[in-house]
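Asker: You'll find my_file04.cif just under this line, and it carries mmCIF, C-alpha atoms.
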```cif
data_start
#
loop_
_atom_site.group_PDB
_atom_site.id
_atom_site.type_symbol
_atom_site.label_atom_id
_atom_site.label_comp_id
_atom_site.auth_asym_id
_atom_site.auth_seq_id
_atom_site.Cartn_x
_atom_site.Cartn_y
_atom_site.Cartn_z
ATOM 1 C CA MET A 1 0.000 0.000 0.000
ATOM 2 C CA THR A 2 1.398 3.390 -0.972
ATOM 3 C CA GLU A 3 1.327 6.088 1.649
ATOM 4 C CA ARG A 4 -0.657 9.240 0.884
ATOM 5 C CA ILE A 5 1.201 12.556 1.008
ATOM 6 C CA PRO A 6 -0.751 15.349 2.733
ATOM 7 C CA MET A 7 -0.692 18.697 0.940
ATOM 8 C CA THR A 8 -2.759 21.798 0.434
ATOM 9 C CA ARG A 9 -4.222 22.808 -2.911
ATOM 10 C CA THR A 10 -1.430 25.425 -3.157
ATOM 11 C CA GLY A 11 1.284 22.803 -2.666
ATOM 12 C CA TYR A 12 -0.381 20.468 -5.163
ATOM 13 C CA ASP A 13 -0.607 23.235 -7.767
ATOM 14 C CA LYS A 14 3.042 24.165 -7.171
ATOM 15 C CA LEU A 15 4.147 20.558 -7.773
ATOM 16 C CA CYS A 16 2.032 20.350 -10.950
ATOM 17 C CA ALA A 17 3.537 23.602 -12.268
ATOM 18 C CA GLU A 18 7.067 22.351 -11.594
ATOM 19 C CA LEU A 19 6.300 19.049 -13.365
ATOM 20 C CA ASP A 20 4.910 20.927 -16.361
ATOM 21 C CA ARG A 21 8.017 23.152 -16.515
ATOM 22 C CA LEU A 22 10.403 20.206 -16.370
ATOM 23 C CA GLN A 23 8.534 18.213 -19.010
ATOM 24 C CA ASN A 24 7.757 21.046 -21.433
ATOM 25 C CA GLU A 25 10.735 23.386 -21.053
ATOM 26 C CA GLU A 26 13.742 21.580 -19.585
ATOM 27 C CA MET A 27 13.375 18.176 -21.278
ATOM 28 C CA PRO A 28 13.117 19.649 -24.815
ATOM 29 C CA LYS A 29 16.308 21.668 -24.164
ATOM 30 C CA ILE A 30 18.175 18.505 -23.198
ATOM 31 C CA GLU A 31 16.755 16.620 -26.184
ATOM 32 C CA LYS A 32 18.114 19.370 -28.468
ATOM 33 C CA ARG A 33 21.546 19.070 -26.819
ATOM 34 C CA ILE A 34 21.488 15.302 -27.391
ATOM 35 C CA ALA A 35 20.475 15.731 -31.042
ATOM 36 C CA ALA A 36 23.218 18.319 -31.623
ATOM 37 C CA ALA A 37 25.842 16.117 -29.965
ATOM 38 C CA ARG A 38 24.645 13.069 -31.907
ATOM 39 C CA SER A 39 25.098 14.941 -35.186
ATOM 40 C CA GLU A 40 28.810 15.341 -34.414
ATOM 41 C CA GLY A 41 29.427 11.696 -35.246
ATOM 42 C CA ASP A 42 31.193 9.071 -33.120
ATOM 43 C CA LEU A 43 29.266 8.831 -29.832
ATOM 44 C CA SER A 44 31.808 6.651 -28.009
ATOM 45 C CA GLU A 45 34.168 9.600 -27.434
ATOM 46 C CA ASN A 46 31.607 12.408 -27.462
ATOM 47 C CA ALA A 47 31.656 14.015 -24.006
ATOM 48 C CA GLU A 48 28.850 16.445 -24.885
ATOM 49 C CA TYR A 49 26.567 13.558 -25.847
ATOM 50 C CA HIS A 50 27.300 11.591 -22.683
ATOM 51 C CA GLY A 51 26.859 14.706 -20.517
ATOM 52 C CA ALA A 52 23.512 15.489 -22.125
ATOM 53 C CA ARG A 53 22.338 11.891 -21.682
ATOM 54 C CA GLU A 54 23.331 12.025 -18.012
ATOM 55 C CA SER A 55 21.412 15.299 -17.595
ATOM 56 C CA GLN A 56 18.425 13.698 -19.286
ATOM 57 C CA GLY A 57 18.526 10.767 -16.847
ATOM 58 C CA MET A 58 18.690 13.045 -13.805
ATOM 59 C CA LEU A 59 15.853 15.205 -15.109
ATOM 60 C CA GLN A 60 13.722 12.139 -15.805
ATOM 61 C CA ALA A 61 14.326 10.952 -12.226
ATOM 62 C CA LYS A 62 13.106 14.350 -10.940
ATOM 63 C CA ILE A 63 10.038 14.131 -13.180
ATOM 64 C CA ASN A 64 9.272 10.626 -11.928
ATOM 65 C CA LEU A 65 9.589 11.766 -8.295
ATOM 66 C CA LEU A 66 7.194 14.678 -8.884
ATOM 67 C CA LYS A 67 4.705 12.419 -10.676
ATOM 68 C CA ASP A 68 4.806 10.042 -7.703
ATOM 69 C CA LYS A 69 4.210 12.853 -5.177
ATOM 70 C CA ILE A 70 1.311 14.188 -7.242
ATOM 71 C CA ALA A 71 -0.225 10.731 -7.656
ATOM 72 C CA ARG A 72 -0.043 10.074 -3.913
ATOM 73 C CA GLY A 73 -1.158 13.596 -2.978
ATOM 74 C CA ASN A 74 -3.957 13.888 -0.456
ATOM 75 C CA ILE A 75 -5.310 17.431 -0.557
ATOM 76 C CA ILE A 76 -6.283 18.591 2.921
ATOM 77 C CA ASP A 77 -8.260 21.686 3.834
ATOM 78 C CA PRO A 78 -6.613 22.984 7.037
ATOM 79 C CA SER A 79 -9.834 24.795 8.022
ATOM 80 C CA THR A 80 -11.422 21.403 8.791
ATOM 81 C CA LEU A 81 -8.763 20.440 11.346
ATOM 82 C CA PRO A 82 -8.820 21.042 15.133
ATOM 83 C CA LYS A 83 -7.674 24.521 16.163
ATOM 84 C CA ASP A 84 -6.583 23.762 19.732
ATOM 85 C CA GLU A 85 -3.830 21.261 18.908
ATOM 86 C CA VAL A 86 -0.901 20.891 16.539
ATOM 87 C CA ALA A 87 -2.224 19.702 13.176
ATOM 88 C CA PHE A 88 -1.460 19.899 9.470
ATOM 89 C CA GLY A 89 -1.131 23.555 8.487
ATOM 90 C CA SER A 90 -0.670 24.844 12.026
ATOM 91 C CA ARG A 91 1.956 27.334 13.130
ATOM 92 C CA VAL A 92 3.444 26.093 16.386
ATOM 93 C CA VAL A 93 5.783 27.956 18.728
ATOM 94 C CA VAL A 94 7.899 25.722 20.952
ATOM 95 C CA LYS A 95 10.504 26.277 23.622
ATOM 96 C CA ASP A 96 13.598 24.115 23.282
ATOM 97 C CA LEU A 97 13.996 22.760 26.822
ATOM 98 C CA LYS A 98 17.700 22.040 26.319
ATOM 99 C CA PHE A 99 18.763 25.484 25.074
ATOM 100 C CA GLY A 100 15.869 27.635 26.293
ATOM 101 C CA ASP A 101 15.245 29.334 22.944
ATOM 102 C CA GLU A 102 11.938 29.577 21.119
ATOM 103 C CA GLU A 103 11.401 28.150 17.662
ATOM 104 C CA GLU A 104 8.474 28.441 15.301
ATOM 105 C CA PHE A 105 7.393 25.823 12.780
ATOM 106 C CA VAL A 106 4.607 25.632 10.226
ATOM 107 C CA LEU A 107 3.579 22.069 9.359
ATOM 108 C CA VAL A 108 3.143 21.934 5.597
ATOM 109 C CA GLY A 109 2.641 19.389 2.871
ATOM 110 C CA ALA A 110 4.769 18.416 -0.103
ATOM 111 C CA GLY A 111 5.714 21.313 -2.337
ATOM 112 C CA GLU A 112 5.459 23.932 0.419
ATOM 113 C CA GLU A 113 8.448 23.063 2.589
ATOM 114 C CA ASP A 114 11.047 25.767 3.228
ATOM 115 C CA TYR A 115 13.331 24.691 6.042
ATOM 116 C CA ASP A 116 15.165 28.032 6.208
ATOM 117 C CA ASN A 117 11.854 29.701 7.116
ATOM 118 C CA GLY A 118 10.558 27.021 9.515
ATOM 119 C CA ARG A 119 8.114 25.434 7.040
ATOM 120 C CA ILE A 120 8.616 21.719 7.734
ATOM 121 C CA LEU A 121 6.982 18.703 6.151
ATOM 122 C CA VAL A 122 4.160 17.287 8.243
ATOM 123 C CA THR A 123 5.640 13.844 7.514
ATOM 124 C CA SER A 124 9.036 14.721 9.069
ATOM 125 C CA PRO A 125 9.994 13.132 12.416
ATOM 126 C CA LEU A 126 9.852 16.524 14.169
ATOM 127 C CA ALA A 127 6.378 17.339 12.863
ATOM 128 C CA GLN A 128 5.119 13.841 13.613
ATOM 129 C CA GLY A 129 6.258 14.263 17.225
ATOM 130 C CA LEU A 130 4.378 17.566 17.523
ATOM 131 C CA LEU A 131 1.083 16.438 15.951
ATOM 132 C CA GLY A 132 -1.847 16.288 18.348
ATOM 133 C CA LYS A 133 -0.067 18.164 21.147
ATOM 134 C CA LYS A 134 -1.667 21.124 22.924
ATOM 135 C CA VAL A 135 -0.343 24.336 24.465
ATOM 136 C CA GLY A 136 1.517 23.628 27.711
ATOM 137 C CA GLN A 137 2.405 20.038 26.860
ATOM 138 C CA LYS A 138 6.006 18.887 26.909
ATOM 139 C CA VAL A 139 7.179 16.504 24.227
ATOM 140 C CA GLU A 140 10.300 14.458 23.585
ATOM 141 C CA ILE A 141 10.938 13.727 19.920
ATOM 142 C CA GLU A 142 13.396 11.245 18.487
ATOM 143 C CA VAL A 143 15.057 12.761 15.407
ATOM 144 C CA PRO A 144 18.088 11.564 13.431
ATOM 145 C CA ALA A 145 20.350 13.927 15.440
ATOM 146 C CA GLY A 146 19.105 12.533 18.792
ATOM 147 C CA LYS A 147 16.312 13.466 21.202
ATOM 148 C CA MET A 148 14.775 16.913 21.226
ATOM 149 C CA LYS A 149 12.653 18.190 24.115
ATOM 150 C CA PHE A 150 10.102 20.955 23.615
ATOM 151 C CA GLU A 151 7.294 22.677 25.421
ATOM 152 C CA ILE A 152 4.390 23.788 23.244
ATOM 153 C CA LEU A 153 3.911 27.553 23.789
ATOM 154 C CA ASN A 154 1.389 28.459 21.094
ATOM 155 C CA VAL A 155 -0.624 26.851 18.284
ATOM 156 C CA GLY A 156 -2.227 28.914 15.569
ATOM 157 C CA PHE A 157 -3.201 28.934 11.939
ATOM 158 C CA ASP A 158 -2.459 31.387 9.155
ATOM 159 C CA GLY A 159 -5.414 33.010 7.466
#
```
As structure tokens, please, write out the structure in this file.
Answerer:
Amino acid sequence: MTERIPMTRTGYDKLCAELDRLQNEEMPKIEKRIAAARSEGDLSENAEYHGARESQGMLQAKINLLKDKIARGNIIDPSTLPKDEVAFGSRVVVKDLKFGDEEEFVLVGAGEEDYDNGRILVTSPLAQGLLGKKVGQKVEIEVPAGKMKFEILNVGFDG
């Protein structure tokens, strides 16, 4: 059974737009490079040809990954979720109990993640550890770097 990937309509549309761009703009460019390199003759020693074919393979892998995410996408309307606990789409402020500093995360779906701005995938270990928690609760989350301990200070939603 394939696991569904939660996302908003915005995230879904962003993934679809990226897929369209890769298939209809980037792939034709690479195909032209391959055709031009092929016209130069002997392919066994043609570095341009081999480089273009490698680029084509990497681009196709990206396209396949996007197609998979889109196919498994489960569009969720955050307005239907509970407002008093951490849920998909919520903005949560936590206090790191080890260092004492506050951090803010927004739990987002595929296509909307931006780790530099605290927008983390709802499927990440950190987000999974925060889901369902309420203000005032303390939580210990096992992440690849070790255990993190937080206290939930605030839960809210944008818009």
Asker: In Å, rounded to a single decimal, give me how far atom CA of Ile76 of chain A is from atom CA of Cys16 of chain A.
Answerer: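 About the pair atom CA of Cys16 of chain A and atom CA of Ile76 of chain A: they are 16.3 Å apart.
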Asker: Tell me which residues the PyMOL selection byres ((chain A and resi 120) around 12) grabs here, as a ChimeraX atom specification.
Answerer: /A:7,88-92,104-119,121-128,130
Asker: Based on the selection just made, write C-alpha atoms of those residues as an mmCIF file, in the frame of the given file.
Answerer:
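File result-v5.cif, as written:
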```cif
data_model
loop_
_atom_site.group_PDB
_atom_site.id
_atom_site.type_symbol
_atom_site.label_atom_id
_atom_site.label_comp_id
_atom_site.auth_asym_id
_atom_site.auth_seq_id
_atom_site.Cartn_x
_atom_site.Cartn_y
_atom_site.Cartn_z
ATOM 1 C CA MET A 7 -0.692 18.697 0.940
ATOM 2 C CA PHE A 88 -1.460 19.899 9.470
ATOM 3 C CA GLY A 89 -1.131 23.555 8.487
ATOM 4 C CA SER A 90 -0.670 24.844 12.026
ATOM 5 C CA ARG A 91 1.956 27.334 13.130
ATOM 6 C CA VAL A 92 3.444 26.093 16.386
ATOM 7 C CA GLU A 104 8.474 28.441 15.301
ATOM 8 C CA PHE A 105 7.393 25.823 12.780
ATOM 9 C CA VAL A 106 4.607 25.632 10.226
ATOM 10 C CA LEU A 107 3.579 22.069 9.359
ATOM 11 C CA VAL A 108 3.143 21.934 5.597
ATOM 12 C CA GLY A 109 2.641 19.389 2.871
ATOM 13 C CA ALA A 110 4.769 18.416 -0.103
ATOM 14 C CA GLY A 111 5.714 21.313 -2.337
ATOM 15 C CA GLU A 112 5.459 23.932 0.419
ATOM 16 C CA GLU A 113 8.448 23.063 2.589
ATOM 17 C CA ASP A 114 11.047 25.767 3.228
ATOM 18 C CA TYR A 115 13.331 24.691 6.042
ATOM 19 C CA ASP A 116 15.165 28.032 6.208
ATOM 20 C CA ASN A 117 11.854 29.701 7.116
ATOM 21 C CA GLY A 118 10.558 27.021 9.515
ATOM 22 C CA ARG A 119 8.114 25.434 7.040
ATOM 23 C CA LEU A 121 6.982 18.703 6.151
ATOM 24 C CA VAL A 122 4.160 17.287 8.243
ATOM 25 C CA THR A 123 5.640 13.844 7.514
ATOM 26 C CA SER A 124 9.036 14.721 9.069
ATOM 27 C CA PRO A 125 9.994 13.132 12.416
ATOM 28 C CA LEU A 126 9.852 16.524 14.169
ATOM 29 C CA ALA A 127 6.378 17.339 12.863
ATOM 30 C CA GLN A 128 5.119 13.841 13.613
ATOM 31 C CA LEU A 130 4.378 17.566 17.523
#
```
Asker: Hey, can you check how far atom CA of Lys69 of chain A sits from atom CA of Ala17 of chain A?
Answerer: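 Taking atom CA of Lys69 of chain A and atom CA of Ala17 of chain A, their separation equals 12.9 Å.
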Asker: Measuring between only C-alpha atoms, which one of A:Asp68, A:Asp20, A:Asp42, A:Glu31 shows the shortest distance to Glu54 of chain A?
Answerer: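 Residue with the minimum atom-to-atom distance to Glu54 of chain A: A:Glu31.
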Asker: Which residues are close to segment 24-28 of chain A, i.e. within 10 Å by all atoms listed in the file, leaving aside same-chain residues fewer than 3 positions away? Reply as a CSV table (one decimal) with C-alpha atoms, in the coordinates of the input.
Answerer:
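Final output, saved to around_9.csv:
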```csv
chain,number,residue,atom,x,y,z
A,18,GLU,CA,7.1,22.4,-11.6
A,19,LEU,CA,6.3,19.0,-13.4
A,20,ASP,CA,4.9,20.9,-16.4
A,21,ARG,CA,8.0,23.2,-16.5
A,31,GLU,CA,16.8,16.6,-26.2
A,32,LYS,CA,18.1,19.4,-28.5
A,33,ARG,CA,21.5,19.1,-26.8
A,34,ILE,CA,21.5,15.3,-27.4
A,55,SER,CA,21.4,15.3,-17.6
A,56,GLN,CA,18.4,13.7,-19.3
A,59,LEU,CA,15.9,15.2,-15.1
A,60,GLN,CA,13.7,12.1,-15.8
A,63,ILE,CA,10.0,14.1,-13.2
```
Asker: Show me, as AutoDock Vina command-line options, the centre and edge lengths in Å to one decimal of the axis-aligned box that covers every listed atom of segment 88-107 of chain A with 5 Å on each side.
Answerer:
```
--center_x 8.7 --center_y 24.7 --center_z 17.7 --size_x 30.2 --size_y 19.7 --size_z 28.3
```
Asker: Have a look at atom CA of Phe150 of chain A and atom CA of Val94 of chain A and let me know their distance in Å, one decimal.
Answerer: 5.9 Å
Asker: Using all atoms listed in the file, pick whichever of A:Val86, A:Ile75, A:Leu22, A:Leu97 has the shortest atom-to-atom distance to Ala61 of chain A.
Answerer: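 Answer, going by the shortest atom-to-atom distance: A:Leu22.
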Asker: Please identify all polymer residues within 6 Å of Glu85 of chain A, counting all atoms listed in the file, omitting same-chain residues fewer than 5 positions from it, and present them as a ChimeraX atom specification.
Answerer: /A:132-134
Asker: Counting only C-alpha atoms, which residues sit no farther than 9 Å from the position (12.0, 19.7, 28.3) in the file's frame? I'd like them as a VMD selection string.
Answerer: chain A and resid 95 to 98 138 to 140 148 to 151
Asker: Would you mind telling me which residue in A:Ile152, A:Leu66, A:Ala47, A:Leu81 lies nearest to Gly11 of chain A when using all atoms listed in the file?
Answerer: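 Once distances to Gly11 of chain A are computed over all atoms listed in the file, the minimum belongs to A:Leu66.
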Asker: Have a look at A:Asp101, A:Met58, A:Leu15, A:Ala87 and name the one nearest to Gly156 of chain A; count all atoms listed in the file.
Answerer: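 Once distances to Gly156 of chain A are computed over all atoms listed in the file, the minimum belongs to A:Ala87.
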Asker: Report as a list in words all protein, DNA and RNA residues lying within 12 Å of Glu48 of chain A, evaluated on all atoms listed in the file, omitting residues in the same chain fewer than 2 positions from it.
Answerer: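 The residues that qualify are Ile30, Lys32, Arg33, Ile34, Ala35, Ala36, Ala37, Arg38, Ser39, Glu40, Gly41, Asp42, Leu43, Ser44, Glu45, Asn46, His50, Gly51, Ala52, Arg53, Glu54 and Ser55 of chain A.
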Asker: Restricting the calculation to all atoms listed in the file, which member of A:Gly136, A:Gly73, A:Gly57, A:Pro144 is positioned closest to Asp13 of chain A?
Answerer: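 Going through A:Gly136, A:Gly73, A:Gly57, A:Pro144 one by one, the smallest distance to Asp13 of chain A is for A:Gly73.
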Asker: Please produce segment 4-36 of chain A, completed to N, CA and C atoms, as a PDB file, keeping the file's coordinate frame.
Answerer:
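Heads up, here's the output in out-v3.pdb:
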```
ATOM      1  N   ARG A   4      -0.182   7.961   1.423  1.00  0.00           N
ATOM      2  CA  ARG A   4      -0.657   9.240   0.884  1.00  0.00           C
ATOM      3  C   ARG A   4       0.228  10.368   1.415  1.00  0.00           C
ATOM      4  N   ILE A   5       0.393  11.413   0.619  1.00  0.00           N
ATOM      5  CA  ILE A   5       1.201  12.556   1.008  1.00  0.00           C
ATOM      6  C   ILE A   5       0.261  13.741   1.228  1.00  0.00           C
ATOM      7  N   PRO A   6       0.135  14.209   2.476  1.00  0.00           N
ATOM      8  CA  PRO A   6      -0.751  15.349   2.733  1.00  0.00           C
ATOM      9  C   PRO A   6      -0.199  16.625   2.119  1.00  0.00           C
ATOM     10  N   MET A   7      -1.089  17.412   1.517  1.00  0.00           N
ATOM     11  CA  MET A   7      -0.692  18.697   0.940  1.00  0.00           C
ATOM     12  C   MET A   7      -1.921  19.570   0.781  1.00  0.00           C
ATOM     13  N   THR A   8      -1.671  20.860   0.689  1.00  0.00           N
ATOM     14  CA  THR A   8      -2.759  21.798   0.434  1.00  0.00           C
ATOM     15  C   THR A   8      -2.937  21.921  -1.076  1.00  0.00           C
ATOM     16  N   ARG A   9      -3.996  22.570  -1.480  1.00  0.00           N
ATOM     17  CA  ARG A   9      -4.222  22.808  -2.911  1.00  0.00           C
ATOM     18  C   ARG A   9      -3.060  23.624  -3.484  1.00  0.00           C
ATOM     19  N   THR A  10      -2.549  24.595  -2.712  1.00  0.00           N
ATOM     20  CA  THR A  10      -1.430  25.425  -3.157  1.00  0.00           C
ATOM     21  C   THR A  10      -0.191  24.578  -3.424  1.00  0.00           C
ATOM     22  N   GLY A  11       0.123  23.683  -2.497  1.00  0.00           N
ATOM     23  CA  GLY A  11       1.284  22.803  -2.666  1.00  0.00           C
ATOM     24  C   GLY A  11       1.125  21.883  -3.862  1.00  0.00           C
ATOM     25  N   TYR A  12      -0.083  21.349  -4.028  1.00  0.00           N
ATOM     26  CA  TYR A  12      -0.381  20.468  -5.163  1.00  0.00           C
ATOM     27  C   TYR A  12      -0.183  21.217  -6.476  1.00  0.00           C
ATOM     28  N   ASP A  13      -0.725  22.430  -6.550  1.00  0.00           N
ATOM     29  CA  ASP A  13      -0.607  23.235  -7.767  1.00  0.00           C
ATOM     30  C   ASP A  13       0.858  23.586  -8.063  1.00  0.00           C
ATOM     31  N   LYS A  14       1.625  23.840  -7.005  1.00  0.00           N
ATOM     32  CA  LYS A  14       3.042  24.165  -7.171  1.00  0.00           C
ATOM     33  C   LYS A  14       3.803  22.967  -7.750  1.00  0.00           C
ATOM     34  N   LEU A  15       3.506  21.761  -7.252  1.00  0.00           N
ATOM     35  CA  LEU A  15       4.147  20.558  -7.773  1.00  0.00           C
ATOM     36  C   LEU A  15       3.769  20.321  -9.231  1.00  0.00           C
ATOM     37  N   CYS A  16       2.501  20.530  -9.564  1.00  0.00           N
ATOM     38  CA  CYS A  16       2.032  20.350 -10.950  1.00  0.00           C
ATOM     39  C   CYS A  16       2.719  21.342 -11.889  1.00  0.00           C
ATOM     40  N   ALA A  17       2.876  22.581 -11.449  1.00  0.00           N
ATOM     41  CA  ALA A  17       3.537  23.602 -12.268  1.00  0.00           C
ATOM     42  C   ALA A  17       5.001  23.241 -12.495  1.00  0.00           C
ATOM     43  N   GLU A  18       5.666  22.757 -11.469  1.00  0.00           N
ATOM     44  CA  GLU A  18       7.067  22.351 -11.594  1.00  0.00           C
ATOM     45  C   GLU A  18       7.199  21.166 -12.559  1.00  0.00           C
ATOM     46  N   LEU A  19       6.296  20.196 -12.454  1.00  0.00           N
ATOM     47  CA  LEU A  19       6.300  19.049 -13.365  1.00  0.00           C
ATOM     48  C   LEU A  19       6.120  19.513 -14.806  1.00  0.00           C
ATOM     49  N   ASP A  20       5.167  20.404 -15.022  1.00  0.00           N
ATOM     50  CA  ASP A  20       4.910  20.927 -16.361  1.00  0.00           C
ATOM     51  C   ASP A  20       6.152  21.639 -16.917  1.00  0.00           C
ATOM     52  N   ARG A  21       6.812  22.437 -16.084  1.00  0.00           N
ATOM     53  CA  ARG A  21       8.017  23.152 -16.515  1.00  0.00           C
ATOM     54  C   ARG A  21       9.129  22.183 -16.901  1.00  0.00           C
ATOM     55  N   LEU A  22       9.339  21.170 -16.075  1.00  0.00           N
ATOM     56  CA  LEU A  22      10.403  20.206 -16.370  1.00  0.00           C
ATOM     57  C   LEU A  22      10.130  19.438 -17.658  1.00  0.00           C
ATOM     58  N   GLN A  23       8.880  19.012 -17.835  1.00  0.00           N
ATOM     59  CA  GLN A  23       8.534  18.213 -19.010  1.00  0.00           C
ATOM     60  C   GLN A  23       8.499  19.042 -20.295  1.00  0.00           C
ATOM     61  N   ASN A  24       8.004  20.271 -20.222  1.00  0.00           N
ATOM     62  CA  ASN A  24       7.757  21.046 -21.433  1.00  0.00           C
ATOM     63  C   ASN A  24       8.791  22.126 -21.740  1.00  0.00           C
ATOM     64  N   GLU A  25       9.684  22.404 -20.797  1.00  0.00           N
ATOM     65  CA  GLU A  25      10.735  23.386 -21.053  1.00  0.00           C
ATOM     66  C   GLU A  25      12.128  22.765 -20.945  1.00  0.00           C
ATOM     67  N   GLU A  26      12.396  22.109 -19.821  1.00  0.00           N
ATOM     68  CA  GLU A  26      13.742  21.580 -19.585  1.00  0.00           C
ATOM     69  C   GLU A  26      14.054  20.348 -20.433  1.00  0.00           C
ATOM     70  N   MET A  27      13.117  19.400 -20.520  1.00  0.00           N
ATOM     71  CA  MET A  27      13.375  18.176 -21.278  1.00  0.00           C
ATOM     72  C   MET A  27      13.616  18.473 -22.761  1.00  0.00           C
ATOM     73  N   PRO A  28      12.827  19.334 -23.410  1.00  0.00           N
ATOM     74  CA  PRO A  28      13.117  19.649 -24.815  1.00  0.00           C
ATOM     75  C   PRO A  28      14.505  20.272 -25.023  1.00  0.00           C
ATOM     76  N   LYS A  29      14.968  21.084 -24.064  1.00  0.00           N
ATOM     77  CA  LYS A  29      16.308  21.668 -24.164  1.00  0.00           C
ATOM     78  C   LYS A  29      17.368  20.565 -24.174  1.00  0.00           C
ATOM     79  N   ILE A  30      17.203  19.602 -23.281  1.00  0.00           N
ATOM     80  CA  ILE A  30      18.175  18.505 -23.198  1.00  0.00           C
ATOM     81  C   ILE A  30      18.103  17.648 -24.464  1.00  0.00           C
ATOM     82  N   GLU A  31      16.902  17.419 -24.960  1.00  0.00           N
ATOM     83  CA  GLU A  31      16.755  16.620 -26.184  1.00  0.00           C
ATOM     84  C   GLU A  31      17.444  17.302 -27.362  1.00  0.00           C
ATOM     85  N   LYS A  32      17.404  18.626 -27.407  1.00  0.00           N
ATOM     86  CA  LYS A  32      18.114  19.370 -28.468  1.00  0.00           C
ATOM     87  C   LYS A  32      19.619  19.220 -28.305  1.00  0.00           C
ATOM     88  N   ARG A  33      20.099  19.266 -27.062  1.00  0.00           N
ATOM     89  CA  ARG A  33      21.546  19.070 -26.819  1.00  0.00           C
ATOM     90  C   ARG A  33      21.990  17.686 -27.266  1.00  0.00           C
ATOM     91  N   ILE A  34      21.154  16.671 -26.985  1.00  0.00           N
ATOM     92  CA  ILE A  34      21.488  15.302 -27.391  1.00  0.00           C
ATOM     93  C   ILE A  34      21.523  15.205 -28.912  1.00  0.00           C
ATOM     94  N   ALA A  35      20.532  15.782 -29.574  1.00  0.00           N
ATOM     95  CA  ALA A  35      20.475  15.731 -31.042  1.00  0.00           C
ATOM     96  C   ALA A  35      21.687  16.437 -31.659  1.00  0.00           C
ATOM     97  N   ALA A  36      22.064  17.589 -31.112  1.00  0.00           N
ATOM     98  CA  ALA A  36      23.218  18.319 -31.623  1.00  0.00           C
ATOM     99  C   ALA A  36      24.500  17.519 -31.425  1.00  0.00           C
TER     100      ALA A  36
END
```
